[in-house]
$ cat entry.txt   # compact mmCIF, C-alpha atoms
# COMPACT_ATOMS: atom_id res chain seq x y z
CA MET A 72 41.88 -58.60 9.15
CA LYS A 73 40.38 -55.10 9.07
CA THR A 74 38.87 -54.08 12.40
CA ARG A 75 35.49 -52.37 11.92
CA LEU A 76 34.54 -49.38 14.05
CA LEU A 77 30.82 -49.80 14.69
CA SER A 78 28.44 -46.97 15.50
CA PRO A 79 26.02 -47.08 18.46
CA ASN A 80 23.13 -48.23 16.24
CA GLU A 81 25.04 -51.37 15.16
CA ILE A 82 24.56 -53.37 18.37
CA ASP A 83 23.04 -56.30 16.45
CA ILE A 84 26.15 -56.55 14.29
CA ALA A 85 28.36 -56.66 17.39
CA ALA A 86 26.12 -59.32 18.98
CA GLY A 87 26.18 -61.38 15.78
CA ILE A 88 29.97 -61.40 15.73
CA ILE A 89 30.04 -62.65 19.32
CA LYS A 90 27.44 -65.36 18.60
CA ASN A 91 29.53 -66.56 15.64
CA GLY A 92 32.72 -66.88 17.69
CA GLY A 93 34.34 -63.53 16.86
CA LEU A 94 35.88 -60.79 19.01
CA VAL A 95 34.33 -57.36 19.60
CA GLY A 96 35.49 -54.35 21.56
CA ILE A 97 32.57 -53.43 23.82
CA PRO A 98 32.04 -50.25 25.82
CA THR A 99 31.45 -50.46 29.55
CA GLU A 100 31.26 -47.79 32.22
CA THR A 101 34.70 -48.82 33.50
CA VAL A 102 36.97 -49.44 30.48
CA TYR A 103 36.50 -50.92 27.01
CA GLY A 104 36.44 -54.71 27.07
CA LEU A 105 37.46 -57.34 24.53
CA GLY A 106 34.34 -59.48 24.31
CA ALA A 107 33.75 -63.06 23.17
CA ASN A 108 31.17 -65.78 23.76
CA GLY A 109 32.07 -66.94 27.26
CA LEU A 110 30.75 -70.45 26.57
CA ASN A 111 32.84 -70.98 23.41
CA PRO A 112 36.37 -72.12 24.35
CA MET A 113 37.84 -71.33 20.93
CA ALA A 114 36.45 -67.80 20.97
CA VAL A 115 37.77 -67.23 24.49
CA ARG A 116 41.22 -68.49 23.51
CA SER A 117 41.20 -65.85 20.78
CA ILE A 118 40.99 -63.19 23.50
CA PHE A 119 44.27 -64.39 25.01
CA GLN A 120 45.90 -64.46 21.58
CA ALA A 121 44.75 -60.95 20.61
CA LYS A 122 45.86 -59.45 23.93
CA GLY A 123 49.01 -61.51 24.44
CA ARG A 124 47.50 -62.42 27.80
CA PRO A 125 48.90 -65.24 29.99
CA GLN A 126 46.57 -68.25 30.09
CA ASP A 127 46.59 -68.44 33.91
CA ASN A 128 44.94 -65.02 34.19
CA PRO A 129 41.17 -65.61 34.67
CA LEU A 130 38.48 -63.64 32.86
CA ILE A 131 35.23 -62.02 33.99
CA LEU A 132 31.85 -63.03 32.57
CA HIS A 133 29.43 -60.19 31.85
CA ILE A 134 25.68 -60.74 32.16
CA PRO A 135 22.68 -58.45 31.54
CA ASP A 136 20.91 -58.93 34.89
CA PRO A 137 21.33 -60.76 38.22
CA SER A 138 18.95 -63.60 37.28
CA TRP A 139 21.70 -65.08 35.09
CA LEU A 140 23.77 -65.84 38.20
CA GLU A 141 21.74 -68.95 38.97
CA ILE A 142 22.37 -70.30 35.48
CA TYR A 143 26.15 -70.30 35.79
CA CYS A 144 26.90 -70.28 39.53
CA GLN A 145 26.04 -72.41 42.55
CA ASP A 146 26.15 -72.01 46.33
CA ILE A 147 25.43 -68.32 45.86
CA PRO A 148 25.62 -66.63 49.27
CA GLU A 149 23.03 -64.16 50.47
CA GLU A 150 25.63 -61.38 50.35
CA ALA A 151 25.74 -61.70 46.55
CA TRP A 152 22.10 -60.76 46.22
CA ARG A 153 22.54 -57.81 48.59
CA LEU A 154 25.52 -56.56 46.61
CA ALA A 155 23.69 -57.04 43.31
CA LYS A 156 20.70 -55.10 44.59
CA ARG A 157 22.93 -52.20 45.67
CA PHE A 158 25.58 -52.07 42.93
CA TRP A 159 24.24 -53.81 39.78
CA PRO A 160 24.19 -52.75 37.07
CA GLY A 161 27.56 -51.27 37.95
CA PRO A 162 31.33 -51.63 38.36
CA LEU A 163 31.34 -54.61 40.74
CA THR A 164 32.53 -58.15 40.00
CA MET A 165 31.68 -61.01 42.37
CA ILE A 166 33.74 -64.21 42.56
CA LEU A 167 31.35 -67.15 42.96
CA LYS A 168 31.42 -70.94 42.65
CA CYS A 169 30.98 -72.25 39.10
CA LYS A 170 27.93 -74.43 38.56
CA ARG A 171 28.84 -78.07 37.96
CA ARG A 172 27.12 -80.23 35.38
CA THR A 173 25.16 -83.25 36.59
CA GLN A 174 26.46 -86.70 35.71
CA SER A 175 23.64 -87.19 33.19
CA GLU A 176 24.50 -83.89 31.50
CA LEU A 177 28.15 -84.95 31.22
CA GLU A 178 27.18 -88.32 29.73
CA GLU A 179 24.88 -86.63 27.24
CA LEU A 180 27.66 -84.30 26.12
CA LYS A 181 30.21 -87.11 25.81
CA ASN A 182 27.85 -89.27 23.78
CA GLY A 183 26.57 -86.45 21.58
CA PRO A 184 28.13 -84.83 18.51
CA VAL A 185 31.39 -83.06 19.35
CA CYS A 186 32.30 -79.85 17.57
CA SER A 187 35.01 -77.25 18.04
CA GLN A 188 32.68 -75.01 20.05
CA THR A 189 31.54 -77.68 22.53
CA HIS A 190 32.77 -77.43 26.11
CA LEU A 191 32.95 -80.85 27.76
CA GLY A 192 34.31 -79.98 31.20
CA PRO A 193 32.61 -80.61 34.55
CA HIS A 194 31.68 -76.94 34.95
CA ILE A 195 29.21 -75.10 32.74
CA ILE A 196 31.82 -72.38 32.27
CA PRO A 197 34.90 -73.44 30.27
CA ASP A 198 38.21 -73.77 32.11
CA VAL A 199 39.82 -71.28 29.72
CA VAL A 200 37.60 -68.57 31.26
CA THR A 201 38.38 -69.48 34.86
CA ALA A 202 42.05 -70.47 34.37
CA GLY A 203 41.10 -73.89 35.74
CA LEU A 204 39.64 -72.57 38.99
CA ASP A 205 36.26 -73.72 40.28
CA THR A 206 35.24 -70.08 40.69
CA VAL A 207 34.30 -67.34 38.23
CA GLY A 208 34.00 -63.56 38.27
CA MET A 209 30.52 -62.31 37.35
CA ARG A 210 29.55 -58.73 36.51
CA CYS A 211 26.46 -56.88 35.29
CA PRO A 212 27.78 -53.71 33.61
CA ALA A 213 26.03 -50.35 33.85
CA HIS A 214 26.64 -49.31 30.22
CA SER A 215 23.30 -49.81 28.44
CA MET A 216 24.95 -50.63 25.09
CA CYS A 217 27.05 -53.33 26.71
CA ARG A 218 24.01 -55.00 28.28
CA ALA A 219 22.15 -54.73 24.97
CA ILE A 220 24.96 -56.62 23.21
CA ILE A 221 24.87 -59.39 25.82
CA GLU A 222 21.09 -59.71 25.61
CA ALA A 223 21.16 -59.78 21.80
CA ALA A 224 23.96 -62.38 21.78
CA GLY A 225 22.11 -64.51 24.34
CA VAL A 226 25.31 -65.68 26.04
CA PRO A 227 27.51 -64.43 28.88
CA VAL A 228 30.36 -62.38 27.42
CA ALA A 229 33.93 -62.92 28.59
CA ALA A 230 35.60 -59.51 28.39
CA PRO A 231 38.91 -58.45 29.89
CA SER A 232 40.12 -54.90 29.25
CA GLY A 233 40.64 -54.30 25.54
CA ASN A 234 44.32 -53.39 25.60
CA THR A 235 47.50 -55.24 24.73
CA SER A 236 48.34 -57.14 27.91
CA GLY A 237 50.28 -55.01 30.37
CA LYS A 238 49.47 -51.64 28.79
CA PRO A 239 47.08 -49.01 30.22
CA SER A 240 43.46 -50.00 29.76
CA PRO A 241 41.46 -48.23 27.00
CA THR A 242 38.81 -45.71 28.01
CA THR A 243 37.88 -44.67 24.44
CA ALA A 244 37.20 -46.64 21.27
CA GLN A 245 40.27 -45.05 19.69
CA HIS A 246 42.50 -46.27 22.54
CA MET A 247 41.29 -49.79 21.84
CA LEU A 248 41.68 -49.43 18.10
CA ASP A 249 45.29 -48.31 18.65
CA ASP A 250 45.99 -51.66 20.37
CA MET A 251 43.68 -54.04 18.51
CA GLU A 252 43.62 -52.88 14.88
CA GLY A 253 43.83 -55.97 12.67
CA LYS A 254 43.55 -58.39 15.61
CA ILE A 255 39.78 -58.39 16.24
CA ASP A 256 36.61 -58.16 14.15
CA ALA A 257 35.11 -54.90 15.41
CA ILE A 258 34.84 -52.26 18.13
CA LEU A 259 31.51 -50.72 19.11
CA ASP A 260 31.98 -47.02 19.85
CA GLY A 261 30.04 -46.23 23.02
CA GLY A 262 31.78 -42.97 23.89
CA ASP A 263 34.23 -42.27 26.70
CA CYS A 264 34.13 -44.52 29.77
CA GLN A 265 32.77 -42.70 32.80
CA VAL A 266 34.47 -44.62 35.64
CA GLY A 267 37.87 -45.00 34.00
CA VAL A 268 39.28 -47.93 36.04
CA GLU A 269 38.18 -51.55 36.05
CA SER A 270 35.52 -53.02 38.30
CA THR A 271 35.94 -53.78 41.98
CA ILE A 272 36.37 -57.53 42.54
CA VAL A 273 35.07 -59.19 45.71
CA ASP A 274 35.58 -62.88 46.47
CA LEU A 275 32.42 -64.28 48.06
CA THR A 276 33.66 -67.89 48.22
CA CYS A 277 35.63 -67.24 51.41
CA ARG A 278 34.73 -66.01 54.87
CA PRO A 279 34.91 -63.16 55.42
CA PRO A 280 34.57 -61.91 51.81
CA ARG A 281 37.80 -60.55 50.38
CA LEU A 282 38.52 -57.52 48.19
CA LEU A 283 40.80 -58.80 45.42
CA ARG A 284 40.90 -55.65 43.29
CA PRO A 285 39.74 -52.12 44.14
CA GLY A 286 37.80 -50.41 41.38
CA GLY A 287 34.68 -48.49 40.54
CA VAL A 288 32.89 -49.34 43.82
CA PRO A 289 34.92 -47.96 46.75
CA LEU A 290 35.73 -50.16 49.74
CA GLU A 291 33.76 -47.85 52.04
CA GLN A 292 30.58 -48.51 50.04
CA LEU A 293 31.12 -52.27 50.19
CA ARG A 294 31.36 -52.01 53.97
CA ASP A 295 27.91 -50.41 54.00
CA VAL A 296 26.52 -53.72 52.67
CA LEU A 297 28.87 -56.41 54.01
CA GLU A 298 29.28 -57.03 57.72
CA GLU A 299 32.99 -57.70 57.23
CA ILE A 300 35.44 -57.63 54.32
CA GLU A 301 39.18 -58.31 54.17
CA LEU A 302 41.71 -56.61 51.92
CA ASP A 303 43.75 -59.10 49.89
CA PRO A 304 47.52 -58.51 50.24
CA ALA A 305 47.83 -58.38 46.42
CA VAL A 306 45.99 -55.05 46.45
CA THR A 307 49.08 -53.34 47.83
CA ARG A 308 51.90 -55.63 46.62
CA SER A 309 52.72 -57.96 43.74
CA LEU A 310 51.96 -61.68 44.01
CA GLU A 311 54.81 -63.77 45.33
CA GLU A 312 56.36 -66.70 43.48
CA GLY A 313 53.90 -69.59 43.30
CA GLU A 314 50.83 -67.56 44.28
CA ARG A 315 47.91 -68.20 41.94
CA PRO A 316 45.75 -65.27 40.80
CA ARG A 317 42.07 -65.60 41.69
CA ALA A 318 41.04 -62.57 39.67
CA PRO A 319 42.28 -60.46 36.74
CA GLY A 320 45.08 -58.00 37.43
CA MET A 321 46.52 -59.76 40.48
CA LYS A 322 49.68 -61.35 39.10
CA TYR A 323 51.22 -59.70 36.08
CA ARG A 324 52.59 -56.24 35.29
CA HIS A 325 49.55 -54.17 34.42
CA TYR A 326 48.50 -50.73 33.27
CA ALA A 327 52.06 -49.74 32.38
CA PRO A 328 53.11 -47.17 29.76
CA LYS A 329 56.34 -47.59 27.79
CA ALA A 330 58.37 -45.35 30.09
CA PRO A 331 59.15 -46.31 33.70
CA VAL A 332 56.97 -44.65 36.32
CA THR A 333 57.91 -43.29 39.73
CA VAL A 334 54.93 -42.81 42.03
CA VAL A 335 55.27 -40.17 44.74
CA GLN A 336 53.04 -40.52 47.80
CA GLY A 337 52.32 -37.91 50.42
CA GLU A 338 50.38 -34.72 51.06
CA PRO A 339 49.71 -33.14 47.62
CA ALA A 340 51.87 -30.02 47.99
CA ARG A 341 54.70 -32.08 49.47
CA SER A 342 54.60 -34.74 46.71
CA ALA A 343 54.52 -32.02 44.04
CA GLN A 344 57.53 -30.35 45.65
CA TYR A 345 59.38 -33.68 45.75
CA ILE A 346 58.84 -34.15 42.01
CA LEU A 347 59.90 -30.55 41.33
CA ASP A 348 63.09 -31.11 43.31
CA HIS A 349 63.97 -34.35 41.49
CA VAL A 350 62.77 -33.86 37.93
CA THR A 351 65.61 -32.88 35.59
CA ASP A 352 65.28 -33.18 31.83
CA SER A 353 62.48 -30.88 30.65
CA TYR A 354 61.83 -32.83 27.44
CA TRP A 355 62.25 -36.47 28.38
CA GLU A 356 60.57 -36.47 31.82
CA GLY A 357 56.81 -36.23 32.03
CA VAL A 358 54.64 -35.40 35.04
CA ILE A 359 51.17 -36.64 35.98
CA CYS A 360 49.85 -34.33 38.69
CA PHE A 361 46.84 -32.72 40.29
CA ASN A 362 45.45 -29.60 38.61
CA GLU A 363 46.70 -27.25 41.32
CA PHE A 364 50.34 -28.04 40.53
CA ALA A 365 50.33 -28.24 36.74
CA HIS A 366 51.86 -24.76 36.42
CA TRP A 367 54.88 -25.94 38.44
CA PHE A 368 55.91 -28.18 35.54
CA GLU A 369 55.28 -26.00 32.49
CA ASP A 370 58.61 -27.01 30.93
CA HIS A 371 57.64 -30.70 30.95
CA PRO A 372 54.98 -32.83 29.27
CA VAL A 373 52.15 -32.68 31.84
CA GLU A 374 48.89 -34.61 32.24
CA CYS A 375 46.40 -33.53 34.92
CA LEU A 376 44.35 -35.91 37.06
CA GLY A 377 41.88 -33.29 38.26
CA GLY A 378 41.74 -31.49 41.60
CA SER A 379 43.67 -33.13 44.42
CA LEU A 380 40.47 -34.06 46.32
CA ASP A 381 38.46 -35.39 43.34
CA GLY A 382 39.01 -39.16 43.48
CA PHE A 383 36.40 -40.02 40.85
CA GLU A 384 38.07 -37.64 38.39
CA HIS A 385 41.48 -39.15 39.16
CA ALA A 386 40.11 -42.57 38.21
CA ARG A 387 38.43 -41.28 35.07
CA ARG A 388 41.61 -39.60 33.81
CA LEU A 389 44.34 -42.00 34.93
CA PHE A 390 44.62 -44.36 31.96
CA ARG A 391 44.11 -41.49 29.52
CA ALA A 392 47.07 -39.72 31.16
CA LEU A 393 49.30 -42.80 30.98
CA ARG A 394 48.48 -43.29 27.29
CA ALA A 395 49.14 -39.61 26.60
CA MET A 396 52.58 -40.01 28.14
CA ASP A 397 53.21 -42.87 25.72
CA ASP A 398 52.27 -40.58 22.84
CA SER A 399 54.60 -37.84 24.11
CA GLY A 400 57.63 -40.13 23.91
CA VAL A 401 58.97 -39.33 27.39
CA LYS A 402 61.60 -41.61 28.90
CA HIS A 403 60.48 -41.32 32.53
CA ILE A 404 57.20 -40.43 34.24
CA TRP A 405 56.67 -38.90 37.67
CA ALA A 406 53.17 -39.32 39.10
CA GLN A 407 51.51 -37.76 42.11
CA CYS A 408 49.53 -40.28 44.11
CA PRO A 409 46.29 -39.65 46.02
CA GLY A 410 45.42 -41.12 49.38
CA THR A 411 43.61 -44.45 49.66
CA GLU A 412 40.21 -43.11 50.73
CA GLY A 413 37.25 -43.69 48.39
CA MET A 414 38.28 -44.11 44.76
CA GLY A 415 41.86 -43.35 45.80
CA LEU A 416 42.50 -47.01 46.66
CA ALA A 417 41.80 -48.04 43.05
CA VAL A 418 43.97 -45.24 41.65
CA VAL A 419 46.84 -46.09 44.02
CA ASN A 420 46.55 -49.76 43.03
CA ARG A 421 46.72 -48.98 39.28
CA LEU A 422 49.56 -46.49 39.65
CA SER A 423 51.53 -48.89 41.85
CA LYS A 424 51.21 -51.68 39.28
CA ALA A 425 52.04 -49.32 36.42
CA ALA A 426 55.21 -48.38 38.31
CA GLY A 427 56.10 -51.96 39.23
CA PHE A 428 55.62 -50.80 42.85
CA HIS A 429 58.41 -48.22 42.46
CA ILE A 430 56.96 -45.85 45.04
CA VAL A 431 58.63 -43.10 47.07
CA ASP A 432 57.25 -41.26 50.08
CA ALA A 433 57.56 -37.49 49.94
$ encode --input "entry.txt" --output "structure tokens"
Amino acid sequence: MKTRLLSPNEIDIAAGIIKNGGLVGIPTETVYGLGANGLNPMAVRSIFQAKGRPQDNPLILHIPDPSWLEIYCQDIPEEAWRLAKRFWPGPLTMILKCKRRTQSELEELKNGPVCSQTHLGPHIIPDVVTAGLDTVGMRCPAHSMCRAIIEAAGVPVAAPSGNTSGKPSPTTAQHMLDDMEGKIDAILDGGDCQVGVESTIVDLTCRPPRLLRPGGVPLEQLRDVLEEIELDPAVTRSLEEGERPRAPGMKYRHYAPKAPVTVVQGEPARSAQYILDHVTDSYWEGVICFNEFAHWFEDHPVECLGGSLDGFEHARRLFRALRAMDDSGVKHIWAQCPGTEGMGLAVVNRLSKAAGFHIVDA
């Protein structure tokens, strides 16, 4: 298979591929996603095959506007509409209850013609999307080209990040092509992603609501809308044996470059000094650091995250920096880590997972 790189004026081609059961790389404001018809089980299974993604890792459905929630979800709490009004279109995913089919609808499906694209389960959304859960993640992306594809396809689009499973997520079309060449039908080039890390995921099926994954909407902004919100333990540690992931990115090694990563926490000057004191080989050890300290490591491959106080820039540059380290061929990566305020929580979460939670305190 030859993967086509589509230009921005070829949205209808991308939508047609999705309608016909194919796979398309789609731009979003967060990262590039690997999109398929979320109601077609065979197409969704192709996502897992292309990515090498474990089947128990649920996917997110992307919709063009909040009105689609009532088509695919039930028991939608009032908080969902408040969050949608504030943050949609945008980098927020809400976990909601899947809508169940009525008994008459199930009988009609069972007695009707069965084809390879027919989903016969009790929920409108196929189990392969939800990993067998009775809940689903729903998102309305801010990227206008992404919403245009969904509207033209006329179906919700299941779209995890468009990388080989476990690797850093792609924030450019070329990143995605590097991973998916020959595995998928096409990639629509929508330019560089502006947020740079995946969406924030909030579970609204529990009380109080729970933050499952920090992302493009900071926790502080969620607290402006929700009366109370809990932080899931998996945000700051790996899932324990037997724990079931309720959202993407909770269970498996994620966002990791080829080389092992050591994350150094602490006040910026102190963490930079720690790395300087411990880094040895000038060729085989790379450094990801804040702009102010780049000149400290001139003998090493260096990628800058932006100024030490610019959390949004850290998020935008993080995956690009990890992929650049892959390209440099280093054998070990040192990374400065921001604090957890604002977008910092999402960056800390991604760096921690990239490092397999190998974190030192300066």
$ atom_distance --input "entry.txt" --atom1 "atom CA of Arg308 of chain A" --atom2 "atom CA of Asp397 of chain A"
24.5 Å
$ closest_residue --input "entry.txt" --among "A:Arg75, A:Arg153, A:Arg278, A:Arg421" --to "Val306 of chain A" --atoms "all atoms listed in the file"
A:Arg421
$ atom_distance --input "entry.txt" --atom1 "atom CA of Ala330 of chain A" --atom2 "atom CA of Ala426 of chain A"
9.3 Å
$ residues_around --input "entry.txt" --residues "Ala229 of chain A" --least-positions-apart "6" --cutoff "8 Å" --atoms "only C-alpha atoms" --output "VMD selection string"
chain A and resid 105 to 109 115 130 to 133 200
$ residues_around --input "entry.txt" --residues "Leu77 of chain A" --least-positions-apart "3" --cutoff "12 Å" --atoms "all atoms listed in the file" --output "number ranges by chain"
A: 74, 80-86, 88, 95-98, 216, 244-245, 248, 256-262
